[in-house]
Amino acid sequence: MPGYTDRLKVTTVNGENVGEQLDTLVNQTAFVLELNGDIVVSSVCSPGDIPSLAYGYMITQGYLAWDEEPVPLEKKGNTVFVKMKRTEIPELSPVLSDYTTDPRAVFSQTSEFAGTGAVFKETGASHSAAISTSDSILCFMEDVSRSAAMEKVIGEAYLKGLEVDHSMIILSSRIPVDFVRKAARAGLSLISAVSAPTAQAVNEAQRLGICLCGFVRGKRMNVYSSKWRLGL
């Protein structure tokens, strides 16, 4: 991805052998979102796809609903400015989707996801996120920030006008409780991750009706909540 990486000279040490070579490193940049005059987020991310990140953040925090039209964005440098009427964040409710699938689909789509990340293959320093149906990956994003990767892929799906209530989100990172809440805000009812969730994430997933799958590797996984969505 243009701008996501850079080539720099590094010194290599292998036993007693010392050398130099060019290495591919991931880039990072600042991201600031100002909503109605207040800074609501100040963080870092990979360059590019900033509108997707801004919309994904607003959706996953409850500032913007999936069925609402995109609000105008103004970008100056690393800051995105947004003005919108909503001032109160609605209460987080259980996901209403009746989406069900089976373990084979989770294994298949997570395996395809694991082989998709070009930036990770080059640098070993990026996280990735995808939104997938039971048989097809719809959106894929990589970012130096695991939160930004998730928000970018949700924002991208929103901008494409996709219906995600019968989709899963696949993540390369561990799953803290706020990631479960982000998925719920977007209407996603199944999370597949190659790493582990926290105990609080499992409790929140159960409360919100989200099927949370961790350590999804090959044909093995742990299902922590709402196993009925997998027919179990």
# chains A, B, ... in the order shown; residues from 1 in each chain; ligands from 1
call {"tool": "residues_around", "arguments": {"residues": "region 49-53 of chain A", "least_positions_apart": "5", "cutoff": "7 Å", "atoms": "only C-alpha atoms", "output": "PDB file with C-alpha atoms, in the first residue's frame"}}
result
ATOM      1  CA  ALA A 148      -7.512   1.734  13.742  1.00  0.00           C
ATOM      2  CA  GLU A 151     -12.324   1.090  12.754  1.00  0.00           C
ATOM      3  CA  LYS A 152     -11.021   1.449   9.190  1.00  0.00           C
ATOM      4  CA  GLY A 155     -15.798   2.609   8.134  1.00  0.00           C
ATOM      5  CA  GLU A 156     -14.946   1.191   4.710  1.00  0.00           C
TER       6      GLU A 156
END
call {"tool": "select_by_dssp", "arguments": {"residues": "region 101-180 of chain A", "states": "alpha helix (DSSP H)", "output": "ChimeraX atom specification"}}
result
/A:103-114,118-123,146-159,177-180
call {"tool": "write_last_selection", "arguments": {"atoms": "C-alpha atoms", "output": "mmCIF file, in the first residue's frame"}}
result
data_model
loop_
_atom_site.group_PDB
_atom_site.id
_atom_site.type_symbol
_atom_site.label_atom_id
_atom_site.label_comp_id
_atom_site.auth_asym_id
_atom_site.auth_seq_id
_atom_site.Cartn_x
_atom_site.Cartn_y
_atom_site.Cartn_z
ATOM 1 C CA PRO A 103 -17.445 -23.584 12.363
ATOM 2 C CA ARG A 104 -16.252 -24.516 8.863
ATOM 3 C CA ALA A 105 -17.059 -21.024 7.596
ATOM 4 C CA VAL A 106 -15.164 -19.421 10.475
ATOM 5 C CA PHE A 107 -12.128 -21.624 9.825
ATOM 6 C CA SER A 108 -12.237 -21.018 6.080
ATOM 7 C CA GLN A 109 -12.635 -17.243 6.187
ATOM 8 C CA THR A 110 -10.115 -16.759 9.000
ATOM 9 C CA SER A 111 -7.582 -18.849 7.066
ATOM 10 C CA GLU A 112 -8.112 -16.723 3.954
ATOM 11 C CA PHE A 113 -7.815 -13.592 6.095
ATOM 12 C CA ALA A 114 -4.487 -14.747 7.562
ATOM 13 C CA ALA A 118 0.686 -7.653 2.464
ATOM 14 C CA VAL A 119 1.985 -5.022 4.905
ATOM 15 C CA PHE A 120 2.403 -7.587 7.684
ATOM 16 C CA LYS A 121 4.272 -9.914 5.323
ATOM 17 C CA GLU A 122 6.690 -7.083 4.499
ATOM 18 C CA THR A 123 7.128 -5.601 7.975
ATOM 19 C CA ARG A 146 -5.141 -2.600 16.056
ATOM 20 C CA SER A 147 -7.992 -0.223 16.959
ATOM 21 C CA ALA A 148 -7.512 1.734 13.742
ATOM 22 C CA ALA A 149 -7.500 -1.459 11.671
ATOM 23 C CA MET A 150 -10.886 -2.402 13.122
ATOM 24 C CA GLU A 151 -12.324 1.090 12.754
ATOM 25 C CA LYS A 152 -11.021 1.449 9.190
ATOM 26 C CA VAL A 153 -12.620 -1.777 8.006
ATOM 27 C CA ILE A 154 -15.946 -0.881 9.628
ATOM 28 C CA GLY A 155 -15.798 2.609 8.134
ATOM 29 C CA GLU A 156 -14.946 1.191 4.710
ATOM 30 C CA ALA A 157 -17.927 -1.186 4.847
ATOM 31 C CA TYR A 158 -20.159 1.727 5.881
ATOM 32 C CA LEU A 159 -18.947 3.925 3.005
ATOM 33 C CA VAL A 177 -13.925 -5.469 25.964
ATOM 34 C CA ASP A 178 -14.020 -2.258 23.926
ATOM 35 C CA PHE A 179 -13.588 -4.255 20.689
ATOM 36 C CA VAL A 180 -16.729 -6.222 21.531
#
call {"tool": "residues_around", "arguments": {"residues": "His127 (chain A)", "least_positions_apart": "4", "cutoff": "7 Å", "atoms": "only C-alpha atoms", "output": "PDB file with N, CA and C atoms, in the first residue's frame"}}
result
ATOM      1  N   GLU A 142      -5.399  -3.002   6.889  1.00  0.00           N
ATOM      2  CA  GLU A 142      -4.239  -3.165   7.772  1.00  0.00           C
ATOM      3  C   GLU A 142      -3.880  -1.817   8.367  1.00  0.00           C
ATOM      4  N   ASP A 143      -3.323  -1.847   9.575  1.00  0.00           N
ATOM      5  CA  ASP A 143      -2.900  -0.604  10.214  1.00  0.00           C
ATOM      6  C   ASP A 143      -1.905  -0.929  11.319  1.00  0.00           C
ATOM      7  N   VAL A 144      -1.036   0.032  11.606  1.00  0.00           N
ATOM      8  CA  VAL A 144      -0.084  -0.139  12.705  1.00  0.00           C
ATOM      9  C   VAL A 144      -0.817  -0.204  14.046  1.00  0.00           C
ATOM     10  N   SER A 145      -2.014   0.367  14.118  1.00  0.00           N
ATOM     11  CA  SER A 145      -2.848   0.334  15.317  1.00  0.00           C
ATOM     12  C   SER A 145      -3.937  -0.707  15.154  1.00  0.00           C
ATOM     13  N   ARG A 146      -4.091  -1.575  16.150  1.00  0.00           N
ATOM     14  CA  ARG A 146      -5.141  -2.600  16.056  1.00  0.00           C
ATOM     15  C   ARG A 146      -6.527  -1.976  16.121  1.00  0.00           C
ATOM     16  N   ALA A 149      -7.200  -0.439  12.677  1.00  0.00           N
ATOM     17  CA  ALA A 149      -7.500  -1.459  11.671  1.00  0.00           C
ATOM     18  C   ALA A 149      -8.972  -1.842  11.742  1.00  0.00           C
ATOM     19  N   SER A 172      -6.799  -9.710  13.811  1.00  0.00           N
ATOM     20  CA  SER A 172      -5.495 -10.341  14.037  1.00  0.00           C
ATOM     21  C   SER A 172      -5.022 -10.186  15.472  1.00  0.00           C
ATOM     22  N   SER A 173      -5.739  -9.419  16.278  1.00  0.00           N
ATOM     23  CA  SER A 173      -5.259  -9.061  17.613  1.00  0.00           C
ATOM     24  C   SER A 173      -6.044  -9.770  18.704  1.00  0.00           C
TER      25      SER A 173
END
call {"tool": "select_by_dssp", "arguments": {"residues": "region 132-209 of chain A", "states": "strand (DSSP E or B)", "output": "VMD selection string"}}
result
chain A and resid 132 137 to 143 168 to 171 175 190 to 193 197
call {"tool": "write_last_selection", "arguments": {"atoms": "C-alpha atoms", "output": "PDB file, in the first residue's frame"}}
result
ATOM      1  CA  SER A 132     -16.611 -11.311   5.779  1.00  0.00           C
ATOM      2  CA  ILE A 137     -14.237 -11.380   2.483  1.00  0.00           C
ATOM      3  CA  LEU A 138     -15.986  -8.059   1.766  1.00  0.00           C
ATOM      4  CA  CYS A 139     -13.455  -5.561   3.186  1.00  0.00           C
ATOM      5  CA  PHE A 140      -9.890  -5.859   4.474  1.00  0.00           C
ATOM      6  CA  MET A 141      -7.698  -3.258   6.190  1.00  0.00           C
ATOM      7  CA  GLU A 142      -4.239  -3.165   7.772  1.00  0.00           C
ATOM      8  CA  ASP A 143      -2.900  -0.604  10.214  1.00  0.00           C
ATOM      9  CA  MET A 168     -18.439 -11.643  10.816  1.00  0.00           C
ATOM     10  CA  ILE A 169     -15.484  -9.442  11.713  1.00  0.00           C
ATOM     11  CA  ILE A 170     -12.078 -11.121  11.716  1.00  0.00           C
ATOM     12  CA  LEU A 171      -9.206  -9.637  13.731  1.00  0.00           C
ATOM     13  CA  ILE A 175      -9.963  -8.938  21.962  1.00  0.00           C
ATOM     14  CA  LEU A 190     -19.679 -12.698  15.284  1.00  0.00           C
ATOM     15  CA  ILE A 191     -16.024 -11.978  16.070  1.00  0.00           C
ATOM     16  CA  SER A 192     -13.261 -14.332  14.947  1.00  0.00           C
ATOM     17  CA  ALA A 193      -9.767 -13.644  16.274  1.00  0.00           C
ATOM     18  CA  PRO A 197     -10.196 -12.307  24.481  1.00  0.00           C
TER      19      PRO A 197
END
call {"tool": "atom_distance", "arguments": {"atom1": "CA of Tyr63 (chain A)", "atom2": "CA of His166 (chain A)"}}
result
22.3 Å
call {"tool": "residues_around", "arguments": {"residues": "region 26-33 of chain A", "least_positions_apart": "3", "cutoff": "6 Å", "atoms": "only C-alpha atoms", "output": "PyMOL selection string"}}
result
chain A and resi 4-5+39-47+78-80
call {"tool": "closest_residue", "arguments": {"among": "A:Cys211, A:Asn14, A:Asn203, A:Asp67", "to": "Val164 (chain A)", "atoms": "only C-alpha atoms"}}
result
A:Asp67
call {"tool": "atom_distance", "arguments": {"atom1": "CA of Ala54 (chain A)", "atom2": "CA of Asn36 (chain A)"}}
result
13.8 Å
call {"tool": "residues_around", "arguments": {"residues": "Ser189 (chain A)", "least_positions_apart": "6", "cutoff": "9 Å", "atoms": "only C-alpha atoms", "output": "mmCIF file with C-alpha atoms, in the first residue's frame"}}
result
data_model
loop_
_atom_site.group_PDB
_atom_site.id
_atom_site.type_symbol
_atom_site.label_atom_id
_atom_site.label_comp_id
_atom_site.auth_asym_id
_atom_site.auth_seq_id
_atom_site.Cartn_x
_atom_site.Cartn_y
_atom_site.Cartn_z
ATOM 1 C CA VAL A 95 -27.214 -7.140 18.603
ATOM 2 C CA LEU A 96 -30.554 -8.022 17.014
ATOM 3 C CA SER A 97 -29.188 -9.916 14.002
ATOM 4 C CA ASP A 98 -30.302 -13.543 13.636
ATOM 5 C CA TYR A 99 -27.064 -14.381 11.781
ATOM 6 C CA THR A 100 -25.906 -17.988 12.114
ATOM 7 C CA VAL A 164 -23.095 -6.282 7.803
ATOM 8 C CA ASP A 165 -25.760 -7.761 10.051
ATOM 9 C CA HIS A 166 -25.123 -11.171 8.445
ATOM 10 C CA SER A 167 -21.337 -10.916 8.482
ATOM 11 C CA MET A 168 -18.439 -11.643 10.816
ATOM 12 C CA ILE A 169 -15.484 -9.442 11.713
ATOM 13 C CA ALA A 183 -18.571 -4.652 16.948
ATOM 14 C CA ALA A 205 -20.100 -10.570 24.223
ATOM 15 C CA LEU A 208 -24.697 -8.395 23.695
ATOM 16 C CA GLY A 209 -25.506 -11.636 21.867
ATOM 17 C CA ILE A 210 -22.163 -11.776 20.040
ATOM 18 C CA CYS A 211 -20.474 -15.065 19.190
ATOM 19 C CA LEU A 212 -16.850 -14.581 20.237
ATOM 20 C CA ARG A 229 -24.717 -18.779 16.187
#
call {"tool": "atom_distance", "arguments": {"atom1": "CA of Thr116 (chain A)", "atom2": "CA of Gly214 (chain A)"}}
result
18.9 Å
call {"tool": "residues_around", "arguments": {"residues": "Pro72 (chain A)", "least_positions_apart": "3", "cutoff": "10 Å", "atoms": "only C-alpha atoms", "output": "VMD selection string"}}
result
chain A and resid 69 81 to 84
call {"tool": "write_last_selection", "arguments": {"atoms": "N, CA and C atoms", "output": "PDB file, in the first residue's frame"}}
result
ATOM      1  N   GLU A  69     -26.959   8.776   6.919  1.00  0.00           N
ATOM      2  CA  GLU A  69     -26.099   9.229   5.832  1.00  0.00           C
ATOM      3  C   GLU A  69     -24.770   9.740   6.389  1.00  0.00           C
ATOM      4  N   PHE A  81     -12.235  17.266  10.962  1.00  0.00           N
ATOM      5  CA  PHE A  81     -13.243  18.066  11.653  1.00  0.00           C
ATOM      6  C   PHE A  81     -14.636  17.602  11.210  1.00  0.00           C
ATOM      7  N   VAL A  82     -15.516  17.402  12.180  1.00  0.00           N
ATOM      8  CA  VAL A  82     -16.874  16.951  11.898  1.00  0.00           C
ATOM      9  C   VAL A  82     -17.851  17.793  12.713  1.00  0.00           C
ATOM     10  N   LYS A  83     -18.936  18.191  12.069  1.00  0.00           N
ATOM     11  CA  LYS A  83     -20.033  18.845  12.781  1.00  0.00           C
ATOM     12  C   LYS A  83     -21.281  18.008  12.565  1.00  0.00           C
ATOM     13  N   MET A  84     -21.964  17.671  13.656  1.00  0.00           N
ATOM     14  CA  MET A  84     -23.168  16.855  13.555  1.00  0.00           C
ATOM     15  C   MET A  84     -24.137  17.239  14.660  1.00  0.00           C
TER      16      MET A  84
END
call {"tool": "residues_around", "arguments": {"residues": "Gly62 (chain A)", "least_positions_apart": "5", "cutoff": "10 Å", "atoms": "only C-alpha atoms", "output": "ChimeraX atom specification"}}
result
/A:56-57,86,88-92,181-182,184-186
